[in-house]
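Have a look at model14.txt; it's compact mmCIF, C-alpha atoms:
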# COMPACT_ATOMS: atom_id res chain seq x y z
CA MET A 1 118.82 -87.63 -30.48
CA LYS A 2 118.29 -86.78 -34.14
CA ILE A 3 119.34 -89.62 -36.43
CA ALA A 4 120.03 -89.79 -40.16
CA LEU A 5 119.53 -93.26 -41.63
CA ILE A 6 121.74 -93.88 -44.67
CA GLY A 7 120.35 -97.10 -46.08
CA TYR A 8 116.69 -97.80 -45.61
CA GLY A 9 116.39 -101.53 -46.24
CA LYS A 10 115.39 -104.13 -43.68
CA MET A 11 118.11 -103.11 -41.24
CA GLY A 12 117.35 -99.42 -41.68
CA LYS A 13 113.69 -100.02 -40.91
CA ALA A 14 114.57 -102.13 -37.85
CA ILE A 15 116.85 -99.34 -36.59
CA GLU A 16 114.07 -96.80 -37.18
CA GLN A 17 111.66 -98.91 -35.11
CA ILE A 18 114.07 -99.24 -32.18
CA ALA A 19 115.08 -95.56 -32.32
CA ILE A 20 111.49 -94.31 -32.26
CA GLN A 21 110.65 -96.69 -29.41
CA GLN A 22 113.49 -95.11 -27.43
CA GLY A 23 112.27 -91.57 -28.11
CA HIS A 24 114.75 -90.60 -30.83
CA GLU A 25 113.85 -88.71 -33.99
CA ILE A 26 114.63 -89.83 -37.54
CA VAL A 27 115.35 -86.63 -39.45
CA LEU A 28 116.63 -88.18 -42.69
CA LYS A 29 116.03 -91.51 -44.42
CA ILE A 30 118.13 -92.28 -47.49
CA GLY A 31 117.26 -95.21 -49.72
CA SER A 32 117.85 -96.10 -53.35
CA SER A 33 114.94 -93.89 -54.47
CA ASN A 34 116.12 -90.61 -52.91
CA LEU A 35 119.92 -90.61 -53.03
CA SER A 36 119.95 -86.93 -54.05
CA GLU A 37 118.63 -86.02 -50.60
CA LEU A 38 121.95 -87.04 -49.05
CA ASN A 39 123.40 -83.55 -49.08
CA SER A 40 125.05 -81.14 -46.69
CA GLY A 41 121.85 -79.26 -45.95
CA ASN A 42 120.02 -82.38 -44.85
CA ILE A 43 122.80 -84.16 -42.97
CA GLU A 44 123.44 -81.13 -40.75
CA LYS A 45 120.00 -81.70 -39.19
CA ALA A 46 121.25 -84.93 -37.61
CA ASP A 47 123.23 -85.45 -34.42
CA VAL A 48 124.46 -88.84 -35.69
CA ALA A 49 124.24 -90.83 -38.93
CA ILE A 50 123.75 -94.60 -38.99
CA GLU A 51 124.98 -96.18 -42.23
CA PHE A 52 123.64 -99.58 -43.36
CA SER A 53 123.75 -99.49 -47.14
CA LYS A 54 125.72 -101.54 -49.67
CA PRO A 55 129.44 -102.44 -49.80
CA GLU A 56 130.03 -100.47 -52.99
CA VAL A 57 128.82 -97.15 -51.51
CA ALA A 58 129.52 -97.49 -47.77
CA PHE A 59 132.96 -95.88 -47.86
CA GLU A 60 131.67 -92.93 -49.88
CA ASN A 61 128.83 -92.44 -47.38
CA VAL A 62 131.18 -92.55 -44.38
CA VAL A 63 133.49 -90.01 -46.05
CA PHE A 64 130.51 -87.75 -46.75
CA CYS A 65 129.48 -87.79 -43.09
CA LEU A 66 133.00 -87.13 -41.82
CA ASN A 67 133.48 -84.28 -44.29
CA ASN A 68 130.24 -82.76 -43.00
CA ASP A 69 131.20 -83.07 -39.32
CA THR A 70 128.52 -85.66 -38.63
CA PRO A 71 129.37 -88.54 -36.26
CA VAL A 72 128.77 -91.79 -38.14
CA VAL A 73 128.07 -95.37 -37.14
CA CYS A 74 128.62 -97.87 -39.95
CA GLY A 75 127.49 -101.49 -40.04
CA THR A 76 127.82 -102.20 -43.76
CA THR A 77 130.26 -105.04 -44.40
CA GLY A 78 132.24 -105.97 -47.49
CA TRP A 79 134.37 -102.80 -47.71
CA ILE A 80 136.88 -103.54 -44.94
CA GLU A 81 139.90 -102.88 -47.19
CA LYS A 82 139.07 -99.15 -47.10
CA LEU A 83 138.47 -98.98 -43.35
CA PRO A 84 142.00 -97.63 -42.56
CA GLU A 85 141.41 -94.81 -45.04
CA ALA A 86 138.12 -93.90 -43.33
CA GLU A 87 139.81 -93.97 -39.92
CA LYS A 88 142.61 -91.72 -41.18
CA LEU A 89 140.06 -89.18 -42.45
CA CYS A 90 138.28 -89.32 -39.09
CA ILE A 91 141.53 -88.33 -37.36
CA VAL A 92 142.23 -85.54 -39.85
CA LYS A 93 138.71 -84.15 -39.45
CA ASN A 94 138.70 -84.66 -35.67
CA GLY A 95 135.47 -86.53 -36.25
CA SER A 96 133.62 -89.42 -34.68
CA PHE A 97 133.42 -92.83 -36.35
CA LEU A 98 132.36 -96.27 -35.19
CA TYR A 99 132.50 -99.34 -37.42
CA ALA A 100 131.38 -102.82 -36.41
CA SER A 101 130.95 -105.98 -38.44
CA ASN A 102 128.15 -106.88 -36.04
CA PHE A 103 126.25 -104.74 -33.53
CA SER A 104 124.64 -107.58 -31.59
CA ILE A 105 125.56 -107.63 -27.89
CA GLY A 106 125.54 -111.43 -28.04
CA VAL A 107 127.89 -111.54 -31.02
CA ASN A 108 130.36 -109.20 -29.37
CA ILE A 109 130.42 -111.44 -26.30
CA PHE A 110 130.83 -114.34 -28.76
CA PHE A 111 133.91 -112.56 -30.17
CA GLU A 112 135.45 -112.53 -26.69
CA ILE A 113 134.73 -116.25 -26.22
CA ASN A 114 136.22 -116.95 -29.66
CA LYS A 115 139.43 -115.10 -28.78
CA ARG A 116 139.78 -116.99 -25.51
CA LEU A 117 139.18 -120.35 -27.18
CA ALA A 118 141.61 -119.50 -29.99
CA LYS A 119 144.29 -118.75 -27.40
CA LEU A 120 143.67 -122.06 -25.62
CA MET A 121 143.79 -123.99 -28.92
CA SER A 122 146.70 -122.19 -30.57
CA ASP A 123 149.26 -124.90 -29.71
CA ARG A 124 146.90 -127.88 -29.98
CA LYS A 125 148.12 -129.26 -33.29
CA GLU A 126 145.77 -132.24 -33.12
CA TYR A 127 142.80 -129.87 -33.65
CA ASP A 128 141.86 -128.21 -36.90
CA VAL A 129 139.46 -125.27 -37.02
CA GLU A 130 136.89 -123.96 -39.47
CA ILE A 131 134.08 -121.42 -39.50
CA GLU A 132 130.60 -121.77 -40.97
CA GLU A 133 128.26 -118.81 -41.43
CA THR A 134 124.67 -118.84 -42.67
CA HIS A 135 122.68 -115.80 -43.80
CA HIS A 136 119.62 -114.84 -45.84
CA ILE A 137 119.74 -114.95 -49.62
CA HIS A 138 119.74 -111.14 -49.89
CA LYS A 139 123.14 -110.67 -48.22
CA LYS A 140 125.57 -109.23 -50.74
CA ASP A 141 128.94 -110.22 -49.28
CA ALA A 142 130.37 -113.64 -48.45
CA PRO A 143 131.97 -114.48 -46.10
CA SER A 144 130.13 -112.25 -43.67
CA GLY A 145 131.98 -109.48 -41.89
CA THR A 146 131.33 -111.28 -38.62
CA ALA A 147 132.93 -114.48 -39.92
CA ILE A 148 135.97 -112.53 -41.09
CA SER A 149 136.26 -110.90 -37.65
CA LEU A 150 136.14 -114.35 -36.03
CA ALA A 151 138.79 -115.61 -38.47
CA ARG A 152 141.11 -112.68 -37.77
CA GLU A 153 140.94 -113.35 -34.04
CA ILE A 154 141.93 -116.99 -34.63
CA ILE A 155 144.73 -115.97 -37.00
CA GLU A 156 146.08 -113.48 -34.44
CA GLU A 157 146.63 -116.38 -32.03
CA GLY A 158 148.77 -118.17 -34.64
CA LYS A 159 146.51 -121.15 -35.31
CA LYS A 160 146.23 -120.26 -39.01
CA LYS A 161 147.96 -117.92 -41.46
CA LYS A 162 145.05 -116.71 -43.55
CA TRP A 163 141.34 -117.29 -44.14
CA VAL A 164 139.97 -118.70 -47.40
CA LYS A 165 136.46 -119.09 -48.76
CA VAL A 166 137.28 -122.16 -50.86
CA GLN A 167 138.44 -125.22 -48.95
CA SER A 168 142.12 -126.00 -49.47
CA ASN A 169 144.58 -128.72 -48.45
CA SER A 170 146.90 -126.31 -46.68
CA ALA A 171 147.06 -126.60 -42.89
CA GLU A 172 147.74 -122.86 -42.77
CA ASP A 173 144.37 -121.93 -44.30
CA LEU A 174 141.27 -121.23 -42.23
CA PHE A 175 138.21 -122.24 -44.25
CA ILE A 176 135.09 -120.09 -43.93
CA LYS A 177 132.04 -121.87 -45.32
CA SER A 178 129.27 -119.50 -46.39
CA ILE A 179 125.65 -120.59 -46.81
CA ARG A 180 122.90 -118.37 -48.21
CA THR A 181 119.37 -119.64 -47.63
CA GLY A 182 115.91 -118.33 -46.82
CA GLU A 183 115.61 -115.36 -44.48
CA VAL A 184 118.18 -116.43 -41.86
CA PRO A 185 119.31 -113.31 -39.89
CA GLY A 186 122.72 -114.81 -39.13
CA THR A 187 124.30 -117.94 -37.64
CA HIS A 188 128.03 -118.38 -36.96
CA VAL A 189 129.74 -121.57 -35.85
CA VAL A 190 133.42 -122.07 -34.98
CA THR A 191 134.46 -125.73 -34.76
CA TYR A 192 137.72 -127.27 -33.58
CA SER A 193 137.93 -130.96 -34.59
CA SER A 194 140.35 -133.78 -33.83
CA GLU A 195 140.21 -137.52 -34.39
CA ASN A 196 138.80 -137.94 -30.91
CA ASP A 197 136.36 -135.09 -30.39
CA ALA A 198 135.14 -131.65 -31.42
CA ILE A 199 134.60 -128.34 -29.68
CA GLU A 200 131.99 -126.00 -31.13
CA ILE A 201 130.87 -122.49 -30.24
CA LYS A 202 127.83 -121.02 -31.95
CA HIS A 203 125.85 -117.81 -32.12
CA THR A 204 122.37 -117.70 -33.65
CA ALA A 205 120.49 -114.45 -34.27
CA HIS A 206 116.72 -114.86 -34.03
CA ASN A 207 115.93 -111.54 -35.72
CA ARG A 208 117.45 -108.19 -36.71
CA MET A 209 116.32 -106.29 -33.63
CA GLY A 210 119.45 -107.13 -31.62
CA PHE A 211 121.61 -105.64 -34.37
CA ALA A 212 119.34 -102.58 -34.57
CA ALA A 213 119.44 -102.00 -30.80
CA GLY A 214 123.24 -102.17 -30.84
CA ALA A 215 123.43 -99.67 -33.68
CA VAL A 216 121.21 -97.18 -31.82
CA ALA A 217 123.24 -97.67 -28.63
CA SER A 218 126.40 -97.00 -30.64
CA ALA A 219 124.92 -93.78 -32.05
CA GLN A 220 124.12 -92.64 -28.51
CA PHE A 221 127.66 -93.51 -27.44
CA ILE A 222 129.49 -91.49 -30.11
CA LYS A 223 127.23 -88.43 -30.01
CA ASN A 224 129.31 -85.43 -28.86
CA LYS A 225 132.50 -87.53 -28.85
CA THR A 226 135.51 -87.42 -31.15
CA GLY A 227 137.62 -90.40 -32.11
CA ILE A 228 137.49 -93.90 -33.58
CA PHE A 229 135.41 -96.40 -31.65
CA THR A 230 134.27 -100.02 -31.73
CA MET A 231 131.57 -102.06 -30.02
CA LYS A 232 134.11 -102.85 -27.31
CA ASP A 233 133.93 -99.21 -26.29
CA VAL A 234 130.13 -99.20 -26.34
CA LEU A 235 129.85 -102.38 -24.28
CA GLY A 236 132.87 -101.79 -22.03
CA LEU A 237 134.50 -105.06 -23.05
Take the structure in the file and give it back as structure tokens.
Amino acid sequence: MKIALIGYGKMGKAIEQIAIQQGHEIVLKIGSSNLSELNSGNIEKADVAIEFSKPEVAFENVVFCLNNDTPVVCGTTGWIEKLPEAEKLCIVKNGSFLYASNFSIGVNIFFEINKRLAKLMSDRKEYDVEIEETHHIHKKDAPSGTAISLAREIIEEGKKKKWVKVQSNSAEDLFIKSIRTGEVPGTHVVTYSSENDAIEIKHTAHNRMGFAAGAVASAQFIKNKTGIFTMKDVLGL
């Protein structure tokens, strides 16, 4: 498989490492120093593009790929408000697009556990719930896309009405506490607390390689397919 990497930071380099180990070819690497090389002539060399850039340019990059008939996997977070627009374009172009807030197999299983727990706790008024996420100091967005995905699953079960990033006194608000420190790849904790006890589920990433492996697996999955996909499709969840 021939892969275009759009975004060549730490995640891009980790994806490159995994892809080469699996026998794939990186035909294009776009970083901040060679943005002009992201053009139609170069992108057509790739079977699939993997986009891990910055929130302010992710949507533009996804649109570029779809307009050039290149299947695209996107893991950049912080631009979720434009996701429906990207999905609409994918349908119009009969393209292939997969977005995930987190490509880790473990995190996607964690999402399923979170949904099940949220369902069990939805009517337990004696328990309150909050989310804490910790990432490295270089992460641009807060809360993380993964934390927002966890929050949305809890909100869907009716436990809360909306998520907030500043703690409030409203029982309808789901507080997401964001911590930025060191080089932490990513830790997410969901805690339900009552006067008598607490229930906590937690996922800790030890490095970026799990995310990278999931991104490469997603690229393999959408190659030669059309449609809008998620990690659930890739993992058969």
Extract, using only C-alpha atoms, all DNA, RNA and protein residues at most 7 Å from A:Thr187, discarding same-chain residues fewer than 3 positions from it, and format them as an mmCIF file with C-alpha atoms, keeping the file's coordinate frame.
data_model
loop_
_atom_site.group_PDB
_atom_site.id
_atom_site.type_symbol
_atom_site.label_atom_id
_atom_site.label_comp_id
_atom_site.auth_asym_id
_atom_site.auth_seq_id
_atom_site.Cartn_x
_atom_site.Cartn_y
_atom_site.Cartn_z
ATOM 1 C CA GLU A 133 128.260 -118.810 -41.430
ATOM 2 C CA THR A 134 124.670 -118.840 -42.670
ATOM 3 C CA HIS A 135 122.680 -115.800 -43.800
ATOM 4 C CA HIS A 203 125.850 -117.810 -32.120
ATOM 5 C CA THR A 204 122.370 -117.700 -33.650
ATOM 6 C CA ALA A 205 120.490 -114.450 -34.270
#
Test item: residues at most 7 Å from A:Gly78, only C-alpha atoms, excluding those fewer than 5 positions along its chain, as a PyMOL selection string: chain A and resi 55+141+145
Residue neighbourhood stretch 59-69 of chain A, 7 Å, only C-alpha atoms, exclusion window fewer than 5 positions, as a VMD selection string: chain A and resid 40 82 86 90 93 95
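Proximity to A:Lys115 was assessed for A:Ile154, A:Ala142, A:Glu85, A:Val129 counting only C-alpha atoms; the smallest distance is recorded for A:Ile154.
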Name the residues in contact with A:Ser170 at a cut-off of 12 Å, using only C-alpha atoms, excluding same-chain residues fewer than 6 positions from it; report them as a PDB file with C-alpha atoms, in the coordinates of the input.
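File written: around.pdb
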ATOM      1  CA  ASP A 128     141.860-128.210 -36.900  1.00  0.00           C
ATOM      2  CA  LYS A 160     146.230-120.260 -39.010  1.00  0.00           C
ATOM      3  CA  LYS A 161     147.960-117.920 -41.460  1.00  0.00           C
ATOM      4  CA  LYS A 162     145.050-116.710 -43.550  1.00  0.00           C
ATOM      5  CA  TRP A 163     141.340-117.290 -44.140  1.00  0.00           C
ATOM      6  CA  VAL A 164     139.970-118.700 -47.400  1.00  0.00           C
TER       7      VAL A 164
END
Kindly list the centre and edge lengths in Å, rounded to one decimal, for the axis-aligned box that covers all listed atoms of stretch 21-30 of chain A plus 5 Å on each of its six sides, as AutoDock Vina command-line options.
--center_x 114.4 --center_y -91.7 --center_z -37.5 --size_x 17.5 --size_y 20.1 --size_z 30.1
Top pick for closest residue to A:Glu51, considering A:Ser32, A:Gly7, A:Ile199, A:Asn94 and counting only C-alpha atoms: A:Gly7
Considering all atoms listed in the file, give me a table of residues in stretch 46-81 of chain A that are at most 12 Å from stretch 222-228 of chain A, with the closest atom pair and distance in Å for each, as JSON lines.
{"residue": "A:Ala46", "atom": "CA", "partner": "A:Lys223", "partner_atom": "CA", "distance": 10.3}
{"residue": "A:Asp47", "atom": "CA", "partner": "A:Lys223", "partner_atom": "CA", "distance": 6.7}
{"residue": "A:Val48", "atom": "CA", "partner": "A:Lys223", "partner_atom": "CA", "distance": 6.3}
{"residue": "A:Ala49", "atom": "CA", "partner": "A:Lys223", "partner_atom": "CA", "distance": 9.7}
{"residue": "A:Ile50", "atom": "CA", "partner": "A:Ile222", "partner_atom": "CA", "distance": 11.0}
{"residue": "A:Leu66", "atom": "CA", "partner": "A:Thr226", "partner_atom": "CA", "distance": 11.0}
{"residue": "A:Asp69", "atom": "CA", "partner": "A:Thr226", "partner_atom": "CA", "distance": 10.2}
{"residue": "A:Thr70", "atom": "CA", "partner": "A:Lys223", "partner_atom": "CA", "distance": 9.1}
{"residue": "A:Pro71", "atom": "CA", "partner": "A:Lys223", "partner_atom": "CA", "distance": 6.6}
{"residue": "A:Val72", "atom": "CA", "partner": "A:Ile222", "partner_atom": "CA", "distance": 8.1}
{"residue": "A:Val73", "atom": "CA", "partner": "A:Ile222", "partner_atom": "CA", "distance": 8.2}
{"residue": "A:Cys74", "atom": "CA", "partner": "A:Ile228", "partner_atom": "CA", "distance": 11.6}
Residue contacts of A:Thr146 (10 Å, all atoms listed in the file) excluding same-chain residues fewer than 6 positions away, as a ChimeraX atom specification: /A:77,100-103,107-108,111,133,152,186-188
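The two atoms in question, atom CA of A:Ile26 and atom CA of A:Glu56, are spaced 24.3 Å apart.
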Nearest-residue call for A:Leu237, choices A:Glu132, A:Glu112, A:Glu200, A:Glu156, using only C-alpha atoms: A:Glu112
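The residue that comes closest to A:Phe211, out of A:Ile6, A:Ile18, A:Val190, A:Ala118 and on the basis of only C-alpha atoms, is A:Ile18.
Interatomic distance, atom CA of A:Ala217 to atom CA of A:Leu83: 21.2 Å.
Closest to A:Gly106 among A:Gly214, A:Gly23, A:Gly236, A:Pro185 is A:Gly214, based on all atoms listed in the file.
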Protein, DNA and RNA residues within 12 Å of (139.3, -125.2, -31.7), only C-alpha atoms, as a ChimeraX atom specification: /A:113-131,151,154-155,157,159-160,174,189-194,197-201
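In this comparison, which uses all atoms listed in the file, the residue of A:Glu183, A:Ala219, A:Gln17, A:Met11 approaching A:His206 most closely is A:Glu183.
Taking atom CA of A:Ser149 and atom CA of A:Phe52 as endpoints, the distance between them is 17.9 Å.
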Please fill the gaps in stretch 189-212 of chain A so it has N, CA and C atoms, and write that as a PDB file, keeping the file's coordinate frame.
ATOM      1  N   VAL A 189     129.257-120.416 -36.597  1.00  0.00           N
ATOM      2  CA  VAL A 189     129.740-121.570 -35.850  1.00  0.00           C
ATOM      3  C   VAL A 189     131.249-121.685 -36.046  1.00  0.00           C
ATOM      4  N   VAL A 190     131.980-121.806 -34.948  1.00  0.00           N
ATOM      5  CA  VAL A 190     133.420-122.070 -34.980  1.00  0.00           C
ATOM      6  C   VAL A 190     133.635-123.459 -34.406  1.00  0.00           C
ATOM      7  N   THR A 191     134.289-124.335 -35.178  1.00  0.00           N
ATOM      8  CA  THR A 191     134.460-125.730 -34.760  1.00  0.00           C
ATOM      9  C   THR A 191     135.935-126.123 -34.788  1.00  0.00           C
ATOM     10  N   TYR A 192     136.396-126.666 -33.676  1.00  0.00           N
ATOM     11  CA  TYR A 192     137.720-127.270 -33.580  1.00  0.00           C
ATOM     12  C   TYR A 192     137.523-128.786 -33.536  1.00  0.00           C
ATOM     13  N   SER A 193     138.138-129.509 -34.477  1.00  0.00           N
ATOM     14  CA  SER A 193     137.930-130.960 -34.590  1.00  0.00           C
ATOM     15  C   SER A 193     139.253-131.703 -34.522  1.00  0.00           C
ATOM     16  N   SER A 194     139.228-132.842 -33.828  1.00  0.00           N
ATOM     17  CA  SER A 194     140.350-133.780 -33.830  1.00  0.00           C
ATOM     18  C   SER A 194     139.795-135.157 -34.142  1.00  0.00           C
ATOM     19  N   GLU A 195     140.675-136.152 -34.151  1.00  0.00           N
ATOM     20  CA  GLU A 195     140.210-137.520 -34.390  1.00  0.00           C
ATOM     21  C   GLU A 195     139.318-138.005 -33.257  1.00  0.00           C
ATOM     22  N   ASN A 196     139.486-137.423 -32.085  1.00  0.00           N
ATOM     23  CA  ASN A 196     138.800-137.940 -30.910  1.00  0.00           C
ATOM     24  C   ASN A 196     137.546-137.163 -30.507  1.00  0.00           C
ATOM     25  N   ASP A 197     137.513-135.873 -30.812  1.00  0.00           N
ATOM     26  CA  ASP A 197     136.360-135.090 -30.390  1.00  0.00           C
ATOM     27  C   ASP A 197     136.294-133.777 -31.148  1.00  0.00           C
ATOM     28  N   ALA A 198     135.300-132.961 -30.810  1.00  0.00           N
ATOM     29  CA  ALA A 198     135.140-131.650 -31.420  1.00  0.00           C
ATOM     30  C   ALA A 198     134.622-130.664 -30.383  1.00  0.00           C
ATOM     31  N   ILE A 199     135.076-129.432 -30.506  1.00  0.00           N
ATOM     32  CA  ILE A 199     134.600-128.340 -29.680  1.00  0.00           C
ATOM     33  C   ILE A 199     133.956-127.316 -30.601  1.00  0.00           C
ATOM     34  N   GLU A 200     132.735-126.897 -30.247  1.00  0.00           N
ATOM     35  CA  GLU A 200     131.990-126.000 -31.130  1.00  0.00           C
ATOM     36  C   GLU A 200     131.397-124.850 -30.314  1.00  0.00           C
ATOM     37  N   ILE A 201     131.576-123.636 -30.807  1.00  0.00           N
ATOM     38  CA  ILE A 201     130.870-122.490 -30.240  1.00  0.00           C
ATOM     39  C   ILE A 201     129.989-121.901 -31.341  1.00  0.00           C
ATOM     40  N   LYS A 202     128.823-121.420 -30.948  1.00  0.00           N
ATOM     41  CA  LYS A 202     127.830-121.020 -31.950  1.00  0.00           C
ATOM     42  C   LYS A 202     127.026-119.829 -31.469  1.00  0.00           C
ATOM     43  N   HIS A 203     126.773-118.905 -32.384  1.00  0.00           N
ATOM     44  CA  HIS A 203     125.850-117.810 -32.120  1.00  0.00           C
ATOM     45  C   HIS A 203     124.760-117.809 -33.182  1.00  0.00           C
ATOM     46  N   THR A 204     123.513-117.731 -32.740  1.00  0.00           N
ATOM     47  CA  THR A 204     122.370-117.700 -33.650  1.00  0.00           C
ATOM     48  C   THR A 204     121.543-116.450 -33.374  1.00  0.00           C
ATOM     49  N   ALA A 205     121.374-115.617 -34.386  1.00  0.00           N
ATOM     50  CA  ALA A 205     120.490-114.450 -34.270  1.00  0.00           C
ATOM     51  C   ALA A 205     119.068-114.878 -34.617  1.00  0.00           C
ATOM     52  N   HIS A 206     118.117-114.505 -33.778  1.00  0.00           N
ATOM     53  CA  HIS A 206     116.720-114.860 -34.030  1.00  0.00           C
ATOM     54  C   HIS A 206     116.011-113.842 -34.913  1.00  0.00           C
ATOM     55  N   ASN A 207     116.508-112.603 -34.902  1.00  0.00           N
ATOM     56  CA  ASN A 207     115.930-111.540 -35.720  1.00  0.00           C
ATOM     57  C   ASN A 207     116.938-110.402 -35.836  1.00  0.00           C
ATOM     58  N   ARG A 208     116.541-109.323 -36.496  1.00  0.00           N
ATOM     59  CA  ARG A 208     117.450-108.190 -36.710  1.00  0.00           C
ATOM     60  C   ARG A 208     117.426-107.180 -35.568  1.00  0.00           C
ATOM     61  N   MET A 209     116.518-107.329 -34.630  1.00  0.00           N
ATOM     62  CA  MET A 209     116.320-106.290 -33.630  1.00  0.00           C
ATOM     63  C   MET A 209     117.531-106.130 -32.699  1.00  0.00           C
ATOM     64  N   GLY A 210     118.247-107.234 -32.443  1.00  0.00           N
ATOM     65  CA  GLY A 210     119.450-107.130 -31.620  1.00  0.00           C
ATOM     66  C   GLY A 210     120.518-106.291 -32.290  1.00  0.00           C
ATOM     67  N   PHE A 211     120.657-106.448 -33.617  1.00  0.00           N
ATOM     68  CA  PHE A 211     121.610-105.640 -34.370  1.00  0.00           C
ATOM     69  C   PHE A 211     121.189-104.168 -34.339  1.00  0.00           C
ATOM     70  N   ALA A 212     119.874-103.941 -34.532  1.00  0.00           N
ATOM     71  CA  ALA A 212     119.340-102.580 -34.570  1.00  0.00           C
ATOM     72  C   ALA A 212     119.547-101.878 -33.224  1.00  0.00           C
TER      73      ALA A 212
END
